[in-house]
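Colleague: File work10.pdb follows (PDB, C-alpha atoms):
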```
ATOM      1  CA  ASP R 367      57.648-119.775 104.954
ATOM      2  CA  ASP R 368      55.264-120.911 102.674
ATOM      3  CA  ASN R 369      55.160-124.918 102.289
ATOM      4  CA  ASP R 370      51.390-134.223 103.231
ATOM      5  CA  ASP R 371      48.664-134.928 104.850
ATOM      6  CA  ASP R 372      48.304-132.225 107.490
ATOM      7  CA  ASP R 373      51.408-130.409 106.225
ATOM      8  CA  ASP R 374      52.417-128.909 109.523
ATOM      9  CA  ASN R 375      55.903-129.601 108.250
ATOM     10  CA  ASN R 376      55.863-127.846 104.922
ATOM     11  CA  ASN R 377      57.292-124.480 104.312
ATOM     12  CA  GLY R 378      57.062-122.147 101.415
ATOM     13  CA  THR R 379      59.060-119.230 100.202
ATOM     14  CA  THR R 380      58.296-116.263  98.022
ATOM     15  CA  ALA R 381      59.724-115.027  94.772
ATOM     16  CA  THR R 382      60.849-111.579  95.903
ATOM     17  CA  THR R 383      61.563-111.749  99.629
ATOM     18  CA  THR R 384      62.031-115.055 101.396
ATOM     19  CA  ASN R 385      59.884-115.753 104.408
ATOM     20  CA  MET R 386      58.989-119.143 105.833
ATOM     21  CA  ASN R 387      56.188-120.448 107.996
ATOM     22  CA  ILE R 388      54.603-123.759 108.910
ATOM     23  CA  MET R 389      51.595-124.552 106.738
ATOM     24  CA  THR R 390      48.997-126.628 108.534
ATOM     25  CA  TYR R 391      46.812-127.447 105.570
ATOM     26  CA  CYS R 392      47.961-128.135 102.015
ATOM     27  CA  MET R 393      47.084-131.018  99.771
ATOM     28  CA  PRO R 394      47.014-132.209  96.144
ATOM     29  CA  VAL R 395      43.610-131.736  94.524
ATOM     30  CA  SER R 396      44.231-133.175  91.049
ATOM     31  CA  ILE R 397      46.147-135.997  89.418
ATOM     32  CA  GLY R 398      46.897-133.735  86.461
ATOM     33  CA  PRO R 399      48.325-132.478  84.361
ATOM     34  CA  PRO R 400      48.265-129.832  85.570
ATOM     35  CA  LYS R 401      49.229-130.893  89.070
ATOM     36  CA  LEU R 402      47.143-128.696  91.370
ATOM     37  CA  TRP R 403      47.422-128.179  95.117
ATOM     38  CA  ALA R 404      45.233-126.267  97.562
ATOM     39  CA  LEU R 405      47.232-124.228 100.084
ATOM     40  CA  SER R 406      45.525-122.839 103.173
ATOM     41  CA  MET R 407      47.182-119.739 104.615
ATOM     42  CA  PHE R 408      46.400-117.775 107.746
ATOM     43  CA  LYS R 409      45.184-114.361 106.626
ATOM     44  CA  ASP R 410      47.317-112.283 108.949
ATOM     45  CA  THR R 411      50.769-113.587 108.075
ATOM     46  CA  LYS R 412      53.788-112.127 106.358
ATOM     47  CA  THR R 413      53.992-115.178 104.099
ATOM     48  CA  ARG R 414      50.434-114.610 102.879
ATOM     49  CA  GLU R 415      51.245-110.982 102.113
ATOM     50  CA  LEU R 416      54.369-111.918 100.165
ATOM     51  CA  PHE R 417      52.939-114.923  98.359
ATOM     52  CA  LEU R 418      49.751-113.143  97.272
ATOM     53  CA  HIS R 419      51.403-109.824  96.502
ATOM     54  CA  ASP R 420      49.705-107.386  94.137
ATOM     55  CA  ASN R 421      51.582-108.208  90.953
ATOM     56  CA  ASP R 422      49.562-106.183  88.455
ATOM     57  CA  HIS R 423      52.811-104.323  87.659
ATOM     58  CA  ASP R 424      56.476-105.203  87.770
ATOM     59  CA  ASP R 425      59.112-103.113  89.536
ATOM     60  CA  ASN R 426      59.166-100.704  86.578
ATOM     61  CA  GLY R 427      55.398-100.233  86.559
ATOM     62  CA  ASP R 428      54.911-102.343  83.445
ATOM     63  CA  SER R 429      51.694-104.339  83.673
ATOM     64  CA  GLY R 430      52.893-106.630  80.882
ATOM     65  CA  ASN R 431      55.794-108.042  82.895
ATOM     66  CA  LYS R 432      54.181-109.221  86.085
ATOM     67  CA  THR R 433      56.118-111.043  88.776
ATOM     68  CA  PRO R 434      54.613-114.539  89.093
ATOM     69  CA  ARG R 435      53.259-115.490  92.477
ATOM     70  CA  LYS R 436      55.540-118.413  93.303
ATOM     71  CA  GLY R 437      56.720-120.284  96.365
ATOM     72  CA  ILE R 438      58.398-123.504  97.444
ATOM     73  CA  LEU R 439      56.750-126.097  99.652
ATOM     74  CA  GLN R 440      59.373-127.871 101.729
ATOM     75  CA  LEU R 441      58.604-131.152 103.463
ATOM     76  CA  LEU R 442      60.750-131.031 106.564
ATOM     77  CA  THR R 443      62.356-134.043 108.179
ATOM     78  CA  ARG R 444      62.341-134.969 111.847
ATOM     79  CA  ASP R 445      65.836-133.514 112.049
ATOM     80  CA  HIS R 446      64.213-130.101 111.503
ATOM     81  CA  ALA R 447      61.960-130.378 114.581
ATOM     82  CA  ALA R 448      63.743-127.495 116.346
ATOM     83  CA  LEU R 449      62.555-125.172 113.562
ATOM     84  CA  VAL R 450      58.840-125.689 114.251
ATOM     85  CA  PRO R 451      58.546-123.031 117.012
ATOM     86  CA  ILE R 452      60.599-120.619 114.891
ATOM     87  CA  LEU R 453      58.715-121.043 111.639
ATOM     88  CA  GLY R 454      55.255-121.841 112.962
ATOM     89  CA  LYS R 455      54.751-120.019 116.233
ATOM     90  CA  GLN R 456      56.263-116.613 115.480
ATOM     91  CA  SER R 457      55.788-113.994 112.787
ATOM     92  CA  GLY R 458      58.430-112.813 110.354
ATOM     93  CA  ARG R 459      57.278-109.303 111.260
ATOM     94  CA  ASP R 460      58.549-109.815 114.823
ATOM     95  CA  ILE R 461      61.699-111.894 114.440
ATOM     96  CA  ASP R 462      64.402-112.536 111.870
ATOM     97  CA  LYS R 463      63.526-116.131 111.006
ATOM     98  CA  GLU R 464      66.606-116.592 108.854
ATOM     99  CA  GLN R 465      68.884-115.668 111.755
ATOM    100  CA  ALA R 466      66.878-117.771 114.222
ATOM    101  CA  CYS R 467      67.072-120.830 111.971
ATOM    102  CA  SER R 468      70.806-120.293 111.530
ATOM    103  CA  GLU R 469      71.270-120.110 115.313
ATOM    104  CA  ALA R 470      69.331-123.391 115.570
ATOM    105  CA  GLY R 471      71.833-125.006 113.203
ATOM    106  CA  TRP R 472      69.911-124.660 109.924
ATOM    107  CA  LYS R 473      71.356-121.875 107.802
ATOM    108  CA  TRP R 474      69.110-121.099 104.837
ATOM    109  CA  ALA R 475      70.612-122.104 101.503
ATOM    110  CA  SER R 476      70.668-119.707  98.565
ATOM    111  CA  PRO R 477      70.352-120.858  94.945
ATOM    112  CA  PRO R 478      73.728-121.459  93.268
ATOM    113  CA  SER R 479      73.111-118.962  90.471
ATOM    114  CA  PRO R 480      70.079-117.063  89.126
ATOM    115  CA  THR R 481      71.224-117.842  85.592
ATOM    116  CA  ASP R 482      71.308-121.629  85.868
ATOM    117  CA  CYS R 483      68.688-122.243  88.543
ATOM    118  CA  CYS R 484      64.902-122.219  88.190
ATOM    119  CA  TYR R 485      64.284-120.706  91.613
ATOM    120  CA  CYS R 486      65.445-117.571  93.355
ATOM    121  CA  GLN R 487      64.303-118.294  96.894
ATOM    122  CA  GLN R 488      66.321-119.394  99.868
ATOM    123  CA  VAL R 489      65.392-122.792 101.241
ATOM    124  CA  ILE R 490      66.035-125.032 104.222
ATOM    125  CA  PRO R 491      68.651-127.690 103.380
ATOM    126  CA  SER R 492      68.028-131.433 103.489
ATOM    127  CA  CYS R 493      64.229-131.467 103.250
ATOM    128  CA  SER R 494      62.508-134.670 102.158
ATOM    129  CA  LEU R 495      60.883-133.001  99.173
ATOM    130  CA  TYR R 496      60.595-129.616  97.479
ATOM    131  CA  LEU R 497      57.617-128.521  95.391
ATOM    132  CA  GLN R 498      57.775-125.258  93.487
ATOM    133  CA  VAL R 499      54.270-123.876  93.094
ATOM    134  CA  GLN R 500      52.704-120.973  91.251
ATOM    135  CA  VAL R 501      49.341-119.399  92.047
ATOM    136  CA  VAL R 502      46.633-120.172  89.488
ATOM    137  CA  GLU R 503      45.001-116.961  88.291
ATOM    138  CA  GLU R 504      41.837-115.947  86.462
ATOM    139  CA  SER R 505      40.930-112.801  84.551
ATOM    140  CA  SER R 506      38.793-110.142  86.211
ATOM    141  CA  GLU R 507      38.030-106.448  85.832
ATOM    142  CA  GLN R 508      41.005-105.813  88.117
ATOM    143  CA  GLY R 509      43.303-107.905  85.932
ATOM    144  CA  GLU R 510      44.662-111.373  86.692
ATOM    145  CA  GLN R 511      43.675-112.408  90.204
ATOM    146  CA  PRO R 512      44.498-115.548  92.229
ATOM    147  CA  ILE R 513      41.861-118.274  92.445
ATOM    148  CA  MET R 514      41.181-118.416  96.171
ATOM    149  CA  MET R 515      38.396-118.930  98.698
ATOM    150  CA  ASP R 516      37.694-117.235 101.992
ATOM    151  CA  ALA R 517      37.876-119.915 104.689
ATOM    152  CA  GLY R 518      37.345-117.811 107.793
ATOM    153  CA  ASP R 519      40.766-117.242 109.341
ATOM    154  CA  HIS R 520      42.493-118.728 106.247
ATOM    155  CA  TRP R 521      42.630-118.147 102.515
ATOM    156  CA  VAL R 522      42.571-121.333 100.444
ATOM    157  CA  VAL R 523      44.646-120.701  97.320
ATOM    158  CA  LEU R 524      44.796-122.880  94.203
ATOM    159  CA  CYS R 525      48.353-123.481  92.983
ATOM    160  CA  GLN R 526      50.009-125.443  90.207
ATOM    161  CA  VAL R 527      53.097-127.543  90.857
ATOM    162  CA  ILE R 528      55.664-126.450  88.282
ATOM    163  CA  ASN R 529      58.722-128.274  89.586
ATOM    164  CA  THR R 530      59.590-130.928  92.115
ATOM    165  CA  GLY R 531      63.015-131.647  93.525
ATOM    166  CA  GLU R 532      65.221-133.226  96.132
ATOM    167  CA  TRP R 533      68.221-132.040  98.087
ATOM    168  CA  ASP R 534      71.593-132.348  96.380
ATOM    169  CA  THR R 535      74.004-132.672  99.294
ATOM    170  CA  ALA R 536      77.140-132.496  97.164
ATOM    171  CA  ASN R 537      76.205-129.163  95.583
ATOM    172  CA  HIS R 538      74.205-127.854  98.548
ATOM    173  CA  CYS R 539      71.150-126.957  96.479
ATOM    174  CA  ILE R 540      67.902-128.401  95.164
ATOM    175  CA  ARG R 541      68.116-130.765  92.205
ATOM    176  CA  TRP R 542      64.970-130.068  90.195
ATOM    177  CA  ARG R 543      63.112-132.257  87.768
ATOM    178  CA  THR R 544      60.624-130.578  85.455
ATOM    179  CA  LEU R 545      57.136-131.977  85.063
ATOM    180  CA  GLU R 546      57.655-132.052  81.302
ATOM    181  CA  ASP R 547      60.151-134.876  81.608
ATOM    182  CA  ASP R 548      58.637-137.983  80.064
ATOM    183  CA  ASP R 549      60.783-140.428  81.966
ATOM    184  CA  ASP R 550      61.370-140.910  85.658
ATOM    185  CA  THR R 551      58.894-138.218  86.672
ATOM    186  CA  PRO R 552      59.178-137.724  90.438
ATOM    187  CA  PRO R 553      56.263-138.282  92.803
ATOM    188  CA  MET R 554      53.836-135.365  93.164
ATOM    189  CA  SER R 555      52.552-136.453  96.563
ATOM    190  CA  PRO R 556      54.915-136.241  99.551
ATOM    191  CA  ILE R 557      53.661-139.620 100.772
ATOM    192  CA  ASP R 558      55.012-141.331  97.641
ATOM    193  CA  GLY R 559      58.685-142.223  97.587
ATOM    194  CA  ILE R 560      59.518-140.426 100.841
ATOM    195  CA  GLY R 561      61.385-142.110 103.666
ATOM    196  CA  ASP R 562      60.292-142.599 107.264
ATOM    197  CA  ASN R 563      62.180-139.485 108.404
ATOM    198  CA  ALA R 564      59.652-137.058 106.880
ATOM    199  CA  MET R 565      58.071-134.899 109.578
ATOM    200  CA  TYR R 566      54.282-135.161 109.646
ATOM    201  CA  SER R 567      51.890-133.613 112.153
ATOM    202  CA  GLY R 568      51.130-136.954 113.819
ATOM    203  CA  TRP R 569      54.775-137.348 114.789
ATOM    204  CA  LEU R 570      54.924-133.730 115.992
ATOM    205  CA  ARG R 571      51.954-134.311 118.298
ATOM    206  CA  GLN R 572      53.432-137.586 119.533
ATOM    207  CA  GLU R 573      56.696-135.859 120.417
ATOM    208  CA  GLY R 574      54.966-132.923 122.073
ATOM    209  CA  HIS R 575      55.849-130.274 119.499
ATOM    210  CA  LEU R 576      52.166-129.446 118.883
TER     211      LEU R 576
END
```
What do you get writing this file as structure tokens?

Modeller:
Amino acid sequence: DDNDDDDDNNNGTTATTTNMNIMTYCMPVSIGPPKLWALSMFKDTKTRELFLHDNDHDDNGDSGNKTPRKGILQLLTRDHAALVPILGKQSGRDIDKEQACSEAGWKWASPPSPTDCCYCQQVIPSCSLYLQVQVVEESSEQGEQPIMMDAGDHWVVLCQVINTGEWDTANHCIRWRTLEDDDDTPPMSPIDGIGDNAMYSGWLRQEGHL
């Protein structure tokens, strides 16, 4: 899964096939608008492959209808601690993470309907915060390419926050607020407006999970 200070507790998901992993490094890099975040992804991960897929053409081969590179950062709570070794210490190539999370008591939630929901990815219920992000691209001879930097064993990818939301327990889905809303715009940094139960890397180290 794709998706905070050290962000060991954030998970992200992809637009076509959902995969989740623990992201160690992700942070806001602008006040905005636009709201921009830098996401650092291990190079050899299934999430990186899915999130940075070659989207020069859509499923029908039409280069004019590209699939946006999108994902959801999920700020886990301390109640999700059992998911850390599943999402962060194993590859989606080797295990079925959805099944493993379900067996650990956290069944992934699907969006209520593609027609009335702005996301199509599965997510982990009851996270402290959800940020929907889209890769920022630039034109090149090869077409639109993600703005990213080689950071050794990671790629650092520039993304724009396009939606932010919170868990709607009654409807078992994310309640989104768009960034275009003039009033009551939600916080863009996970440290703002989030309760003490949010799971940060310092707490994980203190409890022996890292």

Colleague: Would you kindly translate the PyMOL selection byres ((chain R and resi 404) around 7) into the concrete residues it picks from this file, as a list of chain:residue names?

Modeller: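 Going through the file, the PyMOL selection byres ((chain R and resi 404) around 7) ends up selecting R:Cys392, R:Met393, R:Pro394, R:Val395, R:Leu402, R:Trp403, R:Leu405, R:Ser406, R:Val522, R:Val523, R:Leu524, R:Cys525.
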
Colleague: In Å to one decimal, how far is atom CA of R:Leu442 from atom CA of R:Leu416?

Modeller: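 Distance between the two atoms: 21.1 Å.
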
Colleague: So the first atom is atom CA of R:Gly437 and the second is atom CA of R:Asn563; what is the distance between them in Å, to one decimal place?

Modeller: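 Interatomic distance here is 23.3 Å.
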
Colleague: Counting only C-alpha atoms, what is within 8 Å of R:Trp533, bar same-chain residues fewer than 4 positions away, as a PyMOL selection string?

Modeller: chain R and resi 491-495+538-541

Colleague: List every protein, DNA or RNA residue that has at least one atom no more than 10 Å from (48.1, -133.4, 88.9) in the file's coordinates, counting only C-alpha atoms, and write the result as an mmCIF file with C-alpha atoms, in the frame of the given file.

Modeller:
```cif
data_model
loop_
_atom_site.group_PDB
_atom_site.id
_atom_site.type_symbol
_atom_site.label_atom_id
_atom_site.label_comp_id
_atom_site.auth_asym_id
_atom_site.auth_seq_id
_atom_site.Cartn_x
_atom_site.Cartn_y
_atom_site.Cartn_z
ATOM 1 C CA PRO R 394 47.014 -132.209 96.144
ATOM 2 C CA VAL R 395 43.610 -131.736 94.524
ATOM 3 C CA SER R 396 44.231 -133.175 91.049
ATOM 4 C CA ILE R 397 46.147 -135.997 89.418
ATOM 5 C CA GLY R 398 46.897 -133.735 86.461
ATOM 6 C CA PRO R 399 48.325 -132.478 84.361
ATOM 7 C CA PRO R 400 48.265 -129.832 85.570
ATOM 8 C CA LYS R 401 49.229 -130.893 89.070
ATOM 9 C CA LEU R 402 47.143 -128.696 91.370
ATOM 10 C CA TRP R 403 47.422 -128.179 95.117
ATOM 11 C CA GLN R 526 50.009 -125.443 90.207
ATOM 12 C CA VAL R 527 53.097 -127.543 90.857
ATOM 13 C CA LEU R 545 57.136 -131.977 85.063
ATOM 14 C CA MET R 554 53.836 -135.365 93.164
ATOM 15 C CA SER R 555 52.552 -136.453 96.563
#
```

Colleague: Tell me which residues the PyMOL selection byres ((chain R and resi 456) around 12) grabs here, as a list in words.

Modeller: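 Taken over the shown coordinates, the PyMOL selection byres ((chain R and resi 456) around 12) returns Asp367, Asn385, Met386, Asn387, Ile388, Asp410, Thr411, Lys412, Thr413, Leu449, Val450, Pro451, Ile452, Leu453, Gly454, Lys455, Ser457, Gly458, Arg459, Asp460, Ile461, Asp462, Lys463 and Ala466 of chain R.
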
Colleague: How far is it from atom CA of R:Leu576 to atom CA of R:Cys467, in Å with one decimal?

Modeller: 18.6 Å

Colleague: Which is closer to R:Thr390 than all the others in R:Lys436, R:Lys473, R:His520, R:His446, using only C-alpha atoms?

Modeller: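 Nearest to R:Thr390: R:His520.
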
Colleague: Which residue gives the smallest distance to R:Gln440 among R:Tyr391, R:Trp472, R:Tyr496, R:Trp521, with all atoms listed in the file counted?

Modeller: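 Counting all atoms listed in the file, the residue closest to R:Gln440 is R:Tyr496.
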